[in-house]
Every structure is written in C-alpha cells, then in structure tokens.
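Shown next: structure_27.csv, given as CSV, C-alpha atoms.
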```csv
chain,number,residue,atom,x,y,z
A,19,MET,CA,12.9,-8.7,10.4
A,20,PHE,CA,10.9,-5.7,9.1
A,21,HIS,CA,10.4,-5.7,5.3
A,22,ALA,CA,9.6,-2.2,4.1
A,23,ALA,CA,11.4,-2.3,0.8
A,24,ALA,CA,8.9,-1.6,-2.1
A,25,HIS,CA,8.3,0.4,-5.2
A,26,LYS,CA,5.4,2.5,-4.0
A,27,HIS,CA,5.1,5.4,-6.5
A,28,VAL,CA,1.7,4.8,-8.0
A,29,PRO,CA,1.9,6.5,-11.4
A,30,LEU,CA,5.5,5.4,-11.9
A,31,MET,CA,4.5,1.8,-11.3
A,32,GLU,CA,1.5,2.1,-13.7
A,33,ASP,CA,4.1,2.9,-16.3
A,34,ASN,CA,6.4,0.1,-15.2
A,35,PRO,CA,4.3,-2.8,-13.9
A,36,ILE,CA,7.0,-5.4,-14.6
A,37,GLU,CA,9.2,-3.6,-12.0
A,38,ALA,CA,6.4,-3.5,-9.5
A,39,ILE,CA,5.9,-7.2,-9.9
A,40,LYS,CA,9.6,-8.0,-9.8
A,41,ASN,CA,10.3,-6.0,-6.6
A,42,ASN,CA,7.1,-6.0,-4.6
A,43,ILE,CA,6.1,-9.6,-5.2
A,44,PHE,CA,9.3,-11.5,-5.8
A,45,GLY,CA,11.4,-9.3,-3.6
A,46,THR,CA,9.0,-10.1,-0.8
A,47,LEU,CA,9.0,-13.8,-1.6
A,48,ASN,CA,12.9,-13.8,-1.6
A,49,ALA,CA,13.1,-11.9,1.7
A,50,ALA,CA,10.4,-14.2,3.3
A,51,GLU,CA,12.2,-17.4,2.1
A,52,CYS,CA,15.5,-16.1,3.5
A,53,ALA,CA,13.9,-15.4,6.8
A,54,ASP,CA,12.5,-18.9,6.9
A,55,LYS,CA,15.8,-20.5,5.8
A,56,HIS,CA,17.8,-18.7,8.6
A,57,GLY,CA,15.3,-19.2,11.4
A,58,VAL,CA,14.2,-15.6,11.9
A,59,GLU,CA,11.8,-15.4,14.8
A,60,LYS,CA,9.4,-12.9,13.3
A,61,PHE,CA,8.9,-11.3,9.8
A,62,VAL,CA,6.8,-8.2,9.5
A,63,LEU,CA,5.7,-6.9,6.1
A,64,VAL,CA,5.0,-3.2,6.0
A,65,SER,CA,2.0,-3.0,3.6
A,66,THR,CA,-0.3,-0.2,2.5
A,67,ASP,CA,-4.0,0.8,2.4
A,68,LYS,CA,-3.6,0.7,-1.4
A,69,ALA,CA,-3.6,-3.1,-1.2
A,70,VAL,CA,-7.4,-3.0,-0.3
A,71,ASN,CA,-9.5,-3.1,-3.5
A,72,PRO,CA,-6.5,-2.0,-5.5
A,73,ALA,CA,-7.0,0.4,-8.4
A,74,ASN,CA,-3.3,0.3,-9.4
A,75,ILE,CA,-0.6,-2.2,-9.9
A,76,MET,CA,1.3,-1.0,-6.9
A,77,GLY,CA,-1.6,-1.8,-4.6
A,78,ALA,CA,-2.2,-5.1,-6.3
A,79,THR,CA,1.4,-6.3,-5.9
A,80,LYS,CA,1.3,-5.3,-2.3
A,81,ARG,CA,-1.8,-7.4,-1.8
A,82,VAL,CA,0.0,-10.4,-3.4
A,83,ALA,CA,2.8,-9.7,-0.9
A,84,GLU,CA,0.3,-9.9,1.9
A,85,ILE,CA,-0.9,-13.3,0.6
A,86,ILE,CA,2.7,-14.5,0.4
A,87,ILE,CA,3.2,-13.6,4.1
A,88,GLN,CA,0.1,-15.6,5.1
A,89,MET,CA,1.1,-18.5,2.9
A,90,MET,CA,4.7,-18.6,4.4
A,91,ASP,CA,3.3,-18.5,7.9
A,92,LYS,CA,1.5,-21.8,7.3
A,93,GLU,CA,4.7,-23.4,6.1
A,94,SER,CA,7.4,-22.0,8.4
A,95,GLY,CA,8.7,-21.9,11.9
A,96,THR,CA,9.1,-18.1,11.5
A,97,LYS,CA,6.0,-16.0,12.5
A,98,PHE,CA,5.0,-14.0,9.5
A,99,ALA,CA,2.6,-11.0,9.7
A,100,ALA,CA,1.8,-7.8,7.8
A,101,VAL,CA,0.9,-4.3,9.0
A,102,ARG,CA,-1.3,-2.2,6.7
A,103,PHE,CA,-1.7,1.6,7.0
A,104,GLY,CA,-1.9,4.8,4.9
A,105,ASN,CA,0.4,7.8,4.3
A,106,VAL,CA,3.1,8.9,6.6
A,107,LEU,CA,3.4,12.7,7.0
A,108,GLY,CA,6.7,14.1,5.8
A,109,SER,CA,8.0,10.8,4.4
A,110,SER,CA,9.7,10.6,1.0
A,111,GLY,CA,7.1,11.1,-1.7
A,112,SER,CA,4.6,12.6,0.8
A,113,VAL,CA,2.3,15.4,-0.4
A,114,ILE,CA,3.4,17.8,2.3
A,115,PRO,CA,7.1,18.3,1.1
A,116,LEU,CA,5.7,18.7,-2.4
A,117,PHE,CA,3.2,21.4,-1.3
A,118,ARG,CA,5.9,23.2,0.7
A,119,SER,CA,8.3,23.3,-2.3
A,120,GLN,CA,5.4,24.6,-4.5
A,121,ILE,CA,4.6,27.3,-1.9
A,122,ALA,CA,8.3,28.3,-1.6
A,123,ALA,CA,8.3,28.7,-5.4
A,124,GLY,CA,5.3,31.0,-5.3
A,125,GLY,CA,2.8,28.4,-6.4
A,126,PRO,CA,0.7,27.0,-7.9
A,127,VAL,CA,0.0,24.3,-5.4
A,128,THR,CA,-1.3,21.3,-7.4
A,129,VAL,CA,-4.2,19.1,-6.2
A,130,THR,CA,-5.3,16.2,-8.3
A,131,HIS,CA,-9.0,16.4,-7.4
A,132,PRO,CA,-11.1,18.7,-5.2
A,133,ASP,CA,-12.6,15.8,-3.3
A,134,ILE,CA,-9.6,13.5,-2.9
A,135,THR,CA,-8.9,12.3,0.6
A,136,ARG,CA,-6.1,10.3,2.3
A,137,TYR,CA,-5.3,8.9,5.7
A,138,PHE,CA,-2.2,10.3,7.4
A,139,MET,CA,0.0,9.3,10.4
A,140,THR,CA,3.2,10.9,11.7
A,141,ILE,CA,6.5,9.1,11.3
A,142,PRO,CA,7.0,8.4,15.1
A,143,GLU,CA,3.4,7.1,15.5
A,144,ALA,CA,3.7,4.9,12.4
A,145,THR,CA,7.0,3.3,13.5
A,146,GLN,CA,5.9,2.8,17.1
A,147,LEU,CA,2.7,1.1,16.0
A,148,VAL,CA,4.5,-1.1,13.4
A,149,ILE,CA,6.9,-2.3,16.1
A,150,GLN,CA,4.1,-2.9,18.6
A,151,ALA,CA,2.1,-4.8,16.0
A,152,GLY,CA,5.2,-6.9,15.3
A,153,ALA,CA,5.5,-7.7,19.0
A,154,MET,CA,1.9,-8.8,19.1
A,155,ALA,CA,2.2,-11.1,16.1
A,156,LYS,CA,1.5,-14.8,16.6
A,157,GLY,CA,1.7,-15.5,12.9
A,158,GLY,CA,-0.6,-15.0,9.9
A,159,GLU,CA,-2.1,-11.7,10.9
A,160,ILE,CA,-2.7,-8.6,8.8
A,161,PHE,CA,-2.7,-5.8,11.3
A,162,VAL,CA,-4.6,-2.7,10.4
A,163,LEU,CA,-3.7,0.6,12.1
A,164,ASP,CA,-6.3,3.1,13.1
A,165,MET,CA,-5.4,6.1,11.0
A,166,GLY,CA,-8.2,8.3,12.4
A,167,GLU,CA,-10.4,10.3,10.0
A,168,PRO,CA,-9.3,10.8,6.4
A,169,VAL,CA,-8.0,14.2,5.4
A,170,ARG,CA,-9.3,16.2,2.5
A,171,ILE,CA,-6.2,17.1,0.4
A,172,MET,CA,-7.7,20.4,-0.7
A,173,ASP,CA,-8.1,21.4,3.0
A,174,LEU,CA,-4.5,20.3,3.7
A,175,ALA,CA,-3.2,22.5,0.8
A,176,ARG,CA,-5.2,25.5,2.0
A,177,ASP,CA,-4.0,25.0,5.6
A,178,LEU,CA,-0.3,24.7,4.5
A,179,ILE,CA,-0.6,27.9,2.4
A,180,TRP,CA,-2.1,29.8,5.3
A,181,LEU,CA,0.4,28.4,7.8
A,182,SER,CA,3.2,29.6,5.5
A,183,GLY,CA,1.9,33.1,5.8
A,184,PHE,CA,0.0,33.4,2.6
A,185,GLU,CA,-3.7,33.6,1.5
A,186,PRO,CA,-4.9,30.6,-0.6
A,187,ASP,CA,-6.2,31.7,-4.1
A,188,GLU,CA,-4.8,35.2,-3.6
A,189,ASP,CA,-1.1,34.9,-2.8
A,190,ILE,CA,-0.8,31.3,-3.8
A,191,ALA,CA,-3.0,29.7,-6.4
A,192,ILE,CA,-4.4,26.1,-6.1
A,193,GLU,CA,-4.6,24.3,-9.4
A,194,ILE,CA,-6.6,21.1,-10.0
A,195,VAL,CA,-4.6,18.9,-12.3
A,196,GLY,CA,-6.7,15.7,-12.5
A,197,LEU,CA,-6.2,12.3,-11.0
A,198,ARG,CA,-3.0,10.5,-11.9
A,199,PRO,CA,-2.9,7.0,-13.4
A,200,GLY,CA,-4.0,4.5,-10.9
A,201,GLU,CA,-5.1,7.1,-8.3
A,202,LYS,CA,-8.3,6.7,-6.3
A,203,LEU,CA,-10.4,9.4,-4.7
A,204,TYR,CA,-10.2,7.7,-1.4
A,205,GLU,CA,-8.4,4.8,0.2
A,206,GLU,CA,-9.7,1.9,2.3
A,207,LEU,CA,-7.9,0.3,5.2
A,208,PHE,CA,-9.5,-3.1,5.2
A,209,LEU,CA,-11.8,-5.4,3.1
A,210,GLU,CA,-15.3,-5.9,4.5
A,211,LYS,CA,-14.8,-9.7,4.4
A,212,GLU,CA,-11.7,-9.4,6.6
A,213,ARG,CA,-13.9,-8.6,9.7
A,214,LEU,CA,-11.6,-6.6,11.9
A,215,SER,CA,-11.1,-7.6,15.5
A,216,SER,CA,-9.5,-5.6,18.3
A,217,THR,CA,-6.2,-6.2,20.1
A,218,GLY,CA,-4.9,-4.9,23.4
A,219,HIS,CA,-3.9,-1.7,21.7
A,220,GLU,CA,-6.6,0.8,20.8
A,221,LYS,CA,-5.0,1.7,17.5
A,222,ILE,CA,-4.1,-1.7,16.2
A,223,PHE,CA,-6.7,-4.2,14.8
A,224,ILE,CA,-6.4,-7.6,13.1
A,225,GLY,CA,-8.0,-8.5,9.8
A,226,HIS,CA,-9.1,-12.1,9.8
A,227,PRO,CA,-7.0,-13.9,7.2
A,228,LEU,CA,-8.6,-14.9,3.9
A,229,THR,CA,-7.8,-18.5,3.0
A,230,ASN,CA,-5.9,-19.3,-0.3
A,231,ASP,CA,-4.9,-22.7,-1.5
A,232,ALA,CA,-1.2,-22.7,-1.0
A,233,ASN,CA,-0.4,-25.2,-3.8
A,234,THR,CA,-2.5,-23.3,-6.3
A,235,PHE,CA,-1.0,-19.9,-5.2
A,236,ARG,CA,2.5,-21.2,-5.4
A,237,GLY,CA,1.8,-22.5,-8.9
A,238,GLU,CA,0.4,-19.1,-10.0
A,239,LEU,CA,3.6,-17.5,-8.6
A,240,GLU,CA,5.8,-19.8,-10.5
A,241,ARG,CA,3.8,-19.0,-13.7
A,242,LEU,CA,4.2,-15.3,-12.9
A,243,LYS,CA,7.9,-15.8,-12.6
A,244,GLN,CA,8.1,-17.5,-16.0
A,245,LEU,CA,6.2,-14.6,-17.5
A,246,LEU,CA,8.5,-12.1,-15.8
A,247,VAL,CA,11.5,-13.7,-17.4
A,248,LYS,CA,9.8,-13.3,-20.8
A,249,GLU,CA,8.7,-9.8,-19.9
A,250,ASN,CA,5.2,-10.7,-21.1
A,251,GLN,CA,3.4,-7.8,-19.5
A,252,GLU,CA,-0.1,-8.4,-20.8
A,253,GLU,CA,-0.3,-12.0,-19.4
A,254,MET,CA,1.4,-11.0,-16.2
A,255,LEU,CA,-1.3,-8.4,-15.6
A,256,GLN,CA,-4.1,-10.9,-16.4
A,257,LEU,CA,-2.5,-13.3,-13.8
A,258,ILE,CA,-2.3,-10.5,-11.2
A,259,ASN,CA,-6.0,-9.9,-11.8
A,260,ARG,CA,-6.7,-13.6,-11.0
A,261,LEU,CA,-4.5,-13.5,-7.9
A,262,VAL,CA,-6.2,-10.3,-6.7
A,263,PRO,CA,-9.8,-10.4,-8.0
A,264,ASP,CA,-10.6,-7.0,-6.4
A,265,TYR,CA,-7.9,-5.4,-8.6
A,266,ARG,CA,-10.0,-3.2,-11.0
A,267,SER,CA,-7.6,-1.5,-13.3
A,268,VAL,CA,-6.0,-4.2,-15.5
A,269,GLU,CA,-7.9,-3.0,-18.5
A,270,THR,CA,-6.3,0.4,-18.3
A,271,HIS,CA,-2.8,-0.9,-19.1
```

Before we go any further, please render this structure as structure tokens.
Amino acid sequence: MFHAAAHKHVPLMEDNPIEAIKNNIFGTLNAAECADKHGVEKFVLVSTDKAVNPANIMGATKRVAEIIIQMMDKESGTKFAAVRFGNVLGSSGSVIPLFRSQIAAGGPVTVTHPDITRYFMTIPEATQLVIQAGAMAKGGEIFVLDMGEPVRIMDLARDLIWLSGFEPDEDIAIEIVGLRPGEKLYEELFLEKERLSSTGHEKIFIGHPLTNDANTFRGELERLKQLLVKENQEEMLQLINRLVPDYRSVETH
C-alpha cells in the first residue's frame, strides 16, 4: 500500500493548519491502522524533504506522519516504511508548469527569492525509486532518495525562458516577489542525527530511525485529536511543536 495522499501546498496550509493536521496526520494514522487491521504486507508513506527541520505546518505534519509510521511498525505485522524526497518535475503544483504558463502569457516569470534552491526529480525516476525502496523495506525505515544537486530556481526560470525562444529580462521579465509564508530558501533531505546508511541501490539511502516513546506519542496524538474536534488552533500548533521540536515556525501563526 502506497500512501501519497496529503495536503502539500505550503502557503495554503499555513493559512489552514487545522486541515493540514486533520489530513496529513490523522489521515495517515487512519490509513496505517486500516493496513494493520487488514493484514497488508507493506505500507509505504510518501514523505517530503519539507519534513526535515520544518519551517511550515505542512512539513511538520509530514514529520509527524513519519513518526506514526515508525510507531506502527513496532506494533504491527505489517512492515511500515517512509520514502522522503524533494520536488517532482512537472507534477501538479510544480514550478515548471507555472513558469511555462507565465511565459506563454508574456511574463513576468515570478521567482520568490534570487537565491532559492530546490531538489528536483523526474516523475518516472521518483516513482521507480519509491517502488524499489518499498521492495527493500524490512520495516521502520525512512528511505532518503539521492536527489542530486539542488537547482537554483532563478537559473531554472532563465533556462525555461531561453528554451521557449525568448531572452530573459528582455522579452520576458523575471520578477522577485518575496518568500511565501512557510517557505525556506533551501530544503534538506535528512537530519544530521539520522546518520544515513547506504543500500544496494546507489540512489536510495536509509535514515536511522529516531526513537520515540510509543505510549507518550499515542497520548499526544489523542490530545491532538481532542483539540482538533474543538478546532483549538493555538494549542494544536503548540502540541505540534512538542511533537516536532525542530519545527521553527509556530510563532508565525
């Protein structure tokens, strides 16, 4: 079972953190518990590089989802694992379709910051690696895909304008519009304390699981569910900050 359903639009989730918590955390928990109940052999969570030192609620909720997967693996006959990677070229919400539509409209092409970088992977490569990582899973792993070198978005914008037959800054303007809510200048693929180890595949690595007390974690999830029913956003965000100590943006909400 591959679980890829998530609210992943960063600024939209900054404006709607309750929806991010409801879907990304409790949607994952529901799916994982169903997999356990029905004896699914393997459950693979498709995670994101935004779960590493998250600066937004989307990334923080996906990090909690990773912890849920590791907790479930200790309690279930199902083998639970997660695969973490960056942006997929051409996917829904990807920057390339946006740039293409802006170029087709005559510009401007909007870039949030001149130094912003992102990791990219093609759709076929991402899907193949997710499936291969799932085949490798013995339970409890967070697989990290080698995304290559990060791409500077400004360079990507200029290249796309040029490849479309126009001159950047002459035919098509590039406009710096500022970082969006929850947006980081660069993303990270793993936490230093996870200490990656290699696998039999040159592009797939394993982050060593970080231990969480299962009873304490389940208690916090139950408390979070109660706050969700009450739609107590402030306390929910404080609790997310306890569950994900590296989450650094709770004070911005």

query: Skipping near chain neighbours, those fewer than 4 positions away, what residues fall within 10 Å of A:Ala232 using only C-alpha atoms, listed as number ranges by chain?
result: A: 85-86, 88-90, 92-93, 236-238

Atom CA of A:Thr130 to atom CA of A:Ile194, distance in Å rounded to a single decimal: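 Computing the Euclidean distance for atom CA of A:Thr130 and atom CA of A:Ile194 yields 5.3 Å.
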
field: Which residue of A:Val113, A:Val62, A:Ala24, A:Met254 approaches A:Leu242 most closely, using all atoms listed in the file
entry: A:Met254

field: Shell of 10 Å around A:Pro186, all atoms listed in the file, local chain residues under 3 positions omitted, as a count of residues only
entry: 14

Produce a table with one row for each residue of stretch 138-190 of chain A that has an atom at most 6 Å from any atom of stretch 97-106 of chain A, each row naming the nearest atom pair and its distance in Å at one decimal; use all atoms listed in the file; arrange rows by chain and rising residue number; format as JSON lines.
```
{"residue": "A:Phe138", "atom": "CA", "partner": "A:Asn105", "partner_atom": "CA", "distance": 4.8}
{"residue": "A:Met139", "atom": "CA", "partner": "A:Val106", "partner_atom": "CA", "distance": 4.9}
{"residue": "A:Thr140", "atom": "CA", "partner": "A:Val106", "partner_atom": "CA", "distance": 5.5}
{"residue": "A:Ile141", "atom": "CA", "partner": "A:Val106", "partner_atom": "CA", "distance": 5.8}
{"residue": "A:Gly157", "atom": "CA", "partner": "A:Lys97", "partner_atom": "CA", "distance": 4.3}
{"residue": "A:Gly158", "atom": "CA", "partner": "A:Ala99", "partner_atom": "CA", "distance": 5.1}
{"residue": "A:Glu159", "atom": "CA", "partner": "A:Ala99", "partner_atom": "CA", "distance": 4.9}
{"residue": "A:Ile160", "atom": "CA", "partner": "A:Ala100", "partner_atom": "CA", "distance": 4.7}
{"residue": "A:Phe161", "atom": "CA", "partner": "A:Val101", "partner_atom": "CA", "distance": 4.5}
{"residue": "A:Val162", "atom": "CA", "partner": "A:Arg102", "partner_atom": "CA", "distance": 5.0}
{"residue": "A:Leu163", "atom": "CA", "partner": "A:Phe103", "partner_atom": "CA", "distance": 5.6}
```

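Here atom CA of A:Asp91 stands at a distance of 23.5 Å from atom CA of A:His25.
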
task: One decimal, Å: what's the distance from atom CA of A:Glu37 over to atom CA of A:Leu203, could you say?
output: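 Computing the Euclidean distance for atom CA of A:Glu37 and atom CA of A:Leu203 yields 24.6 Å.
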
- request: Would you list the residues near (-5.9, 10.9, -5.9), meaning any protein, DNA or RNA residue with an atom at most 10 Å from that point in file coordinates, counting all atoms listed in the file, as a list in words?
  value: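 Here the neighbourhood of the point contains Val28, Val129, Thr130, His131, Pro132, Asp133, Ile134, Thr135, Arg136, Ile171, Gly196, Leu197, Arg198, Pro199, Gly200, Glu201, Lys202, Leu203, Tyr204 and Glu205 of chain A.
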
Give as a PDB file with C-alpha atoms, in the frame of the given file every residue, naming chains and numbers as the document does, that has an atom within 10 Å of (3.2, 6.1, -12.3), counting only C-alpha atoms.
```pdb
ATOM      1  CA  LYS A  26       5.400   2.500  -4.000  1.00  0.00           C
ATOM      2  CA  HIS A  27       5.100   5.400  -6.500  1.00  0.00           C
ATOM      3  CA  VAL A  28       1.700   4.800  -8.000  1.00  0.00           C
ATOM      4  CA  PRO A  29       1.900   6.500 -11.400  1.00  0.00           C
ATOM      5  CA  LEU A  30       5.500   5.400 -11.900  1.00  0.00           C
ATOM      6  CA  MET A  31       4.500   1.800 -11.300  1.00  0.00           C
ATOM      7  CA  GLU A  32       1.500   2.100 -13.700  1.00  0.00           C
ATOM      8  CA  ASP A  33       4.100   2.900 -16.300  1.00  0.00           C
ATOM      9  CA  ASN A  34       6.400   0.100 -15.200  1.00  0.00           C
ATOM     10  CA  PRO A  35       4.300  -2.800 -13.900  1.00  0.00           C
ATOM     11  CA  ASN A  74      -3.300   0.300  -9.400  1.00  0.00           C
ATOM     12  CA  ILE A  75      -0.600  -2.200  -9.900  1.00  0.00           C
ATOM     13  CA  MET A  76       1.300  -1.000  -6.900  1.00  0.00           C
ATOM     14  CA  ARG A 198      -3.000  10.500 -11.900  1.00  0.00           C
ATOM     15  CA  PRO A 199      -2.900   7.000 -13.400  1.00  0.00           C
ATOM     16  CA  GLY A 200      -4.000   4.500 -10.900  1.00  0.00           C
ATOM     17  CA  GLU A 201      -5.100   7.100  -8.300  1.00  0.00           C
TER      18      GLU A 201
END
```

message: Would you pick out the contacts of stretch 51-54 of chain A at 8 Å or less, using all atoms listed in the file, so that residues sharing its chain but fewer than 5 positions from it are not included, and give the list as an NGL selection string?
response: :A and (19 or 61 or 90 or 94-96)

message: Env of A:Leu239: 9 Å cut, atoms = only C-alpha atoms, seq-sep filter 5 positions within chain, self excluded. Answer as a list of chain:residue names.
response: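 So the residues in contact are A:Ile43, A:Phe44, A:Thr234, A:Gln244.
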
- prompt: Looking at A:Ile36, A:Asn250, A:Lys68, A:Arg81, which one is nearest to A:Val262, with distances taken over all atoms listed in the file?
  reply: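 Looking at the shortest contact to A:Val262, the residue is A:Arg81.
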
- request: Identify which of the residues A:Lys60, A:Ile222, A:Asp173, A:Leu181 lies closest to A:Ile87, counting only C-alpha atoms when measuring atom-to-atom distances.
  value: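 Looking only at the distances to A:Ile87, the closest residue turns out to be A:Lys60.
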
message: Ranking A:Gly218, A:Pro263, A:Gly77, A:Gly111 by minimum distance to A:Ala38 and counting all atoms listed in the file, which one comes first?
response: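 Once distances to A:Ala38 are computed over all atoms listed in the file, the minimum belongs to A:Gly77.
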